[in-house]
$ cat run03.cif   # mmCIF, C-alpha atoms and all ligand atoms
data_start
loop_
_atom_site.label_atom_id
_atom_site.label_comp_id
_atom_site.auth_asym_id
_atom_site.auth_seq_id
_atom_site.Cartn_x
_atom_site.Cartn_y
_atom_site.Cartn_z
CA MET A 1 0.17 186.41 139.17
CA ARG A 2 -1.13 185.70 135.69
CA ILE A 3 0.55 184.53 132.51
CA ARG A 4 -0.34 186.72 129.54
CA PRO A 5 0.99 187.45 126.07
CA PHE A 6 3.84 189.95 125.71
CA MET A 7 2.90 193.55 124.79
CA PRO A 8 5.40 196.04 123.32
CA ASN A 9 5.10 198.34 126.33
CA ASP A 10 6.60 195.51 128.46
CA ILE A 11 9.97 196.09 126.78
CA PRO A 12 11.61 198.36 129.41
CA ALA A 13 10.70 195.94 132.24
CA ILE A 14 11.76 192.89 130.25
CA ALA A 15 15.03 194.49 129.13
CA SER A 16 15.80 195.14 132.78
CA ILE A 17 15.11 191.47 133.70
CA VAL A 18 17.38 190.44 130.80
CA ARG A 19 20.19 192.70 132.03
CA ASP A 20 19.98 191.44 135.61
CA ALA A 21 19.13 187.78 135.10
CA LEU A 22 20.74 186.92 131.76
CA ARG A 23 23.54 189.51 131.72
CA GLU A 24 22.65 190.58 128.20
CA ASN A 25 21.71 193.87 126.54
CA TYR A 26 19.56 193.76 123.43
CA PRO A 27 18.04 196.51 121.32
CA THR A 28 14.29 197.12 121.51
CA SER A 29 13.95 195.87 117.95
CA LEU A 30 14.96 192.34 119.00
CA TYR A 31 11.94 192.00 121.32
CA LEU A 32 9.64 193.39 118.63
CA ASP A 33 11.07 190.93 116.08
CA ILE A 34 10.57 187.94 118.39
CA HIS A 35 7.01 189.10 119.01
CA ARG A 36 6.35 189.43 115.28
CA TRP A 37 7.82 186.00 114.54
CA TRP A 38 5.64 184.09 117.00
CA ARG A 39 3.21 186.01 119.20
CA ASP A 40 2.00 182.98 121.16
CA GLY A 41 5.58 182.05 122.04
CA PHE A 42 6.29 185.26 123.99
CA LEU A 43 4.77 185.01 127.47
CA VAL A 44 4.95 187.34 130.46
CA ALA A 45 4.44 186.58 134.16
CA ASP A 46 2.47 189.61 135.31
CA LEU A 47 2.19 190.42 139.01
CA ASP A 48 -0.28 193.26 139.66
CA GLY A 49 0.48 194.86 136.29
CA HIS A 50 4.27 194.45 136.51
CA PRO A 51 6.28 191.89 134.51
CA VAL A 52 8.27 189.70 136.92
CA GLY A 53 9.33 187.13 134.35
CA PHE A 54 9.03 186.12 130.73
CA LEU A 55 9.67 183.36 128.24
CA ALA A 56 10.47 184.19 124.62
CA ALA A 57 10.62 181.52 121.93
CA VAL A 58 10.75 181.26 118.16
CA LEU A 59 9.64 178.62 115.69
CA SER A 60 12.28 177.08 113.47
CA ALA A 61 11.68 176.29 109.82
CA ASP A 62 11.14 172.60 110.54
CA GLY A 63 8.39 173.32 113.07
CA GLN A 64 10.39 173.04 116.29
CA ALA A 65 10.27 175.58 119.09
CA ARG A 66 13.41 177.21 120.44
CA VAL A 67 13.37 179.06 123.76
CA LEU A 68 15.62 182.09 123.34
CA MET A 69 15.18 183.66 126.76
CA PHE A 70 13.54 182.60 130.01
CA ALA A 71 13.92 184.45 133.30
CA VAL A 72 12.22 185.52 136.51
CA THR A 73 13.30 188.62 138.49
CA ALA A 74 15.69 187.48 141.25
CA GLY A 75 13.43 188.46 144.16
CA PHE A 76 10.50 186.49 142.73
CA ARG A 77 12.15 183.13 142.06
CA ARG A 78 11.23 179.82 143.73
CA ARG A 79 7.55 180.77 143.91
CA GLY A 80 6.43 178.70 140.95
CA PHE A 81 6.33 181.56 138.41
CA GLY A 82 8.88 179.87 136.14
CA SER A 83 6.90 176.61 136.35
CA GLN A 84 3.66 178.37 135.43
CA MET A 85 5.30 179.99 132.41
CA MET A 86 6.89 176.74 131.27
CA ASN A 87 3.58 174.88 131.65
CA ALA A 88 1.76 177.57 129.66
CA PHE A 89 4.45 177.46 126.98
CA ILE A 90 4.33 173.66 126.69
CA GLN A 91 0.55 173.95 126.26
CA VAL A 92 1.02 176.52 123.46
CA CYS A 93 3.47 174.14 121.75
CA ALA A 94 1.18 171.13 122.15
CA MET A 95 -1.76 173.03 120.68
CA ARG A 96 0.35 173.91 117.66
CA GLY A 97 1.46 170.32 117.16
CA ILE A 98 5.10 171.06 117.97
CA ARG A 99 7.06 167.88 118.67
CA ARG A 100 10.33 169.26 120.00
CA ILE A 101 11.46 172.19 122.15
CA GLU A 102 15.12 173.11 122.32
CA LEU A 103 17.16 175.70 124.19
CA GLU A 104 20.71 176.57 125.18
CA VAL A 105 21.92 177.09 128.73
CA ARG A 106 25.29 177.97 130.33
CA ILE A 107 26.99 174.86 131.74
CA SER A 108 27.46 176.71 135.06
CA ASN A 109 23.73 177.48 135.40
CA ASP A 110 22.86 174.63 137.78
CA GLU A 111 19.56 176.17 138.85
CA ALA A 112 18.19 176.46 135.31
CA ILE A 113 19.58 173.05 134.26
CA ARG A 114 17.83 171.43 137.25
CA PHE A 115 14.63 173.29 136.39
CA TYR A 116 14.72 172.17 132.75
CA LYS A 117 15.44 168.55 133.71
CA ARG A 118 12.39 168.64 135.95
CA TYR A 119 10.45 169.66 132.85
CA GLY A 120 11.67 166.73 130.80
CA PHE A 121 14.52 168.46 128.97
CA GLU A 122 17.68 166.42 128.42
CA ILE A 123 21.20 167.55 127.61
CA ALA A 124 21.65 166.70 123.93
CA GLN A 125 24.89 168.41 123.01
CA ASN A 126 27.89 170.30 124.35
CA LEU A 127 28.36 173.72 122.74
CA PRO A 128 31.99 174.82 123.24
CA LYS A 129 32.42 178.58 123.78
CA PHE A 130 28.78 179.18 122.90
CA TYR A 131 28.57 182.43 124.89
CA THR A 132 30.32 185.68 124.03
CA ASP A 133 32.33 185.55 127.29
CA GLY A 134 33.73 182.15 126.24
CA GLU A 135 31.59 179.91 128.48
CA ASP A 136 30.40 176.59 127.06
CA GLY A 137 26.71 175.84 126.70
CA TYR A 138 24.49 172.80 126.67
CA LYS A 139 21.80 172.27 124.11
CA MET A 140 18.80 170.79 125.92
CA ILE A 141 15.84 169.17 124.19
CA ARG A 142 12.38 168.09 125.22
CA HIS A 143 10.15 165.94 123.02
CA LEU A 144 6.39 166.42 123.25
N1 LIG B 201 8.62 177.41 147.76
C1 LIG B 201 9.86 176.90 147.64
N2 LIG B 201 10.35 176.41 146.48
C2 LIG B 201 9.56 176.46 145.41
C3 LIG B 201 8.24 176.98 145.45
C4 LIG B 201 7.78 177.46 146.70
N3 LIG B 201 6.55 177.98 146.84
N4 LIG B 201 7.71 176.92 144.21
C5 LIG B 201 8.67 176.38 143.43
N5 LIG B 201 9.75 176.09 144.17
C6 LIG B 201 11.00 175.50 143.70
C7 LIG B 201 10.79 174.51 142.60
O1 LIG B 201 10.57 173.20 143.11
C8 LIG B 201 12.09 174.61 141.87
O2 LIG B 201 13.06 173.79 142.50
P1 LIG B 201 14.19 173.02 141.67
O3 LIG B 201 14.91 174.08 140.84
O4 LIG B 201 15.04 172.42 142.72
O5 LIG B 201 13.52 172.05 140.78
C9 LIG B 201 12.51 176.04 142.04
O6 LIG B 201 11.74 176.55 143.09
C10 LIG B 201 12.29 176.87 140.82
O7 LIG B 201 10.96 176.67 140.30
P2 LIG B 201 10.04 177.90 139.96
O8 LIG B 201 9.78 178.74 141.17
O9 LIG B 201 8.86 177.40 139.22
O10 LIG B 201 10.93 178.69 138.90
P3 LIG B 201 11.48 180.19 139.03
O11 LIG B 201 10.33 181.14 139.04
O12 LIG B 201 12.46 180.30 140.12
O13 LIG B 201 12.18 180.34 137.60
C11 LIG B 201 14.22 180.23 136.33
C12 LIG B 201 13.18 179.44 137.14
C13 LIG B 201 13.52 181.00 135.22
C14 LIG B 201 15.23 179.27 135.70
C15 LIG B 201 14.93 181.20 137.31
O14 LIG B 201 15.73 180.47 138.17
C16 LIG B 201 15.75 182.30 136.67
O15 LIG B 201 15.24 183.33 136.24
N6 LIG B 201 17.09 182.12 136.63
C17 LIG B 201 18.01 183.16 136.14
C18 LIG B 201 17.89 183.32 134.65
C19 LIG B 201 18.22 182.04 133.92
O16 LIG B 201 19.22 181.40 134.23
N7 LIG B 201 17.39 181.66 132.94
C20 LIG B 201 17.61 180.49 132.08
C21 LIG B 201 18.69 180.78 131.10
S1 LIG B 201 18.64 179.67 129.69
C22 LIG B 201 17.58 180.46 128.57
O17 LIG B 201 17.19 181.57 128.76
C23 LIG B 201 17.15 179.68 127.34
#

$ encode --input "run03.cif" --output "structure tokens" --more "lines below"
Ligand code: ACO
Amino acid sequence: MRIRPFMPNDIPAIASIVRDALRENYPTSLYLDIHRWWRDGFLVADLDGHPVGFLAAVLSADGQARVLMFAVTAGFRRRGFGSQMMNAFIQVCAMRGIRRIELEVRISNDEAIRFYKRYGFEIAQNLPKFYTDGEDGYKMIRHL
């Protein structure tokens, strides 16, 4: 497995991971926009030429990073792929002088919350009804 930058022809595979793992459906243009906004912040976990996970982030106006999407295909979890992507992403942020990474996560998503805590993220805020299905979210933040 190697971590590499996103390429536009990854979109079908990534959209399928998003559908299965994040229960969301986005138009192709969204992935292209994220890529255009911050190329280094869109990473893919590539196993023998096939995307098995990805992390997509944007930069906010005040120079913080925000992780929009982060997922590994169900059958490939708990093998360290998520950790490798998060480590690579933190390195990208450090090299750019970013001081803060933030993200939102469903309050029921124990697995991801545990993962993020292991990576130094802390719950900073409750986000009532943050998701379209009415579930609350947590804003989590990590300082670099
Ligand atoms: N054998 C057994 N366990 C292992 C191994 C191994 N070889 N390698 C790692 N692990 C354990 C880790 O210790 C970790 O345990 P912990 O959660 O108790 O701390 C666990 O496996 C997961 O670590 P990784 O394997 O590095 O991460 P993974 O590849 O499973 O990806 C992720 C983590 C992305 C959160 C994954 O669970 C996922 O895709 N979830 C569904 C989608 C999701 O909820 N994404 C986050 C939404 S929030 C957002 O997008 C901003």

$ residues_near_ligand --input "run03.cif" --ligand "ligand LIG 201 (chain B)" --cutoff "7 Å" --atoms "all atoms listed in the file" --output "NGL selection string"
:A and (21-22 or 67-74 or 76-84 or 103-106 or 109 or 111-112 or 114-115 or 118)

$ atom_distance --input "run03.cif" --atom1 "CA of Leu43 (chain A)" --atom2 "CA of Ala56 (chain A)"
6.4 Å

$ closest_residue --input "run03.cif" --among "A:Gly75, A:Ala57, A:Leu144, A:Asn126" --to "Ala94 (chain A)" --atoms "all atoms listed in the file"
A:Leu144

$ closest_residue --input "run03.cif" --among "A:His35, A:Val58, A:Met85, A:Asp136" --to "Glu102 (chain A)" --atoms "only C-alpha atoms"
A:Val58

$ axis_aligned_box --input "run03.cif" --around "region 54-68 of chain A" --padding-each-side "6 Å" --output "AutoDock Vina command-line options"
--center_x 12.0 --center_y 179.4 --center_z 120.3 --size_x 19.2 --size_y 25.5 --size_z 32.9

$ atom_distance --input "run03.cif" --atom1 "CA of Met1 (chain A)" --atom2 "CA of Ala45 (chain A)"
6.6 Å

$ residues_around --input "run03.cif" --residues "Ile113 (chain A)" --least-positions-apart "5" --cutoff "12 Å" --atoms "all atoms listed in the file" --output "ChimeraX atom specification"
/A:103-108,118-123,137-141

$ atom_distance --input "run03.cif" --atom1 "CA of Ile11 (chain A)" --atom2 "CA of Asp48 (chain A)"
16.7 Å

$ closest_residue --input "run03.cif" --among "A:Arg36, A:Arg19, A:Lys117, A:Arg100" --to "Gln64 (chain A)" --atoms "all atoms listed in the file"
A:Arg100

$ closest_residue --input "run03.cif" --among "A:Val18, A:Ile101, A:Leu59, A:Val52" --to "Ile3 (chain A)" --atoms "all atoms listed in the file"
A:Val52
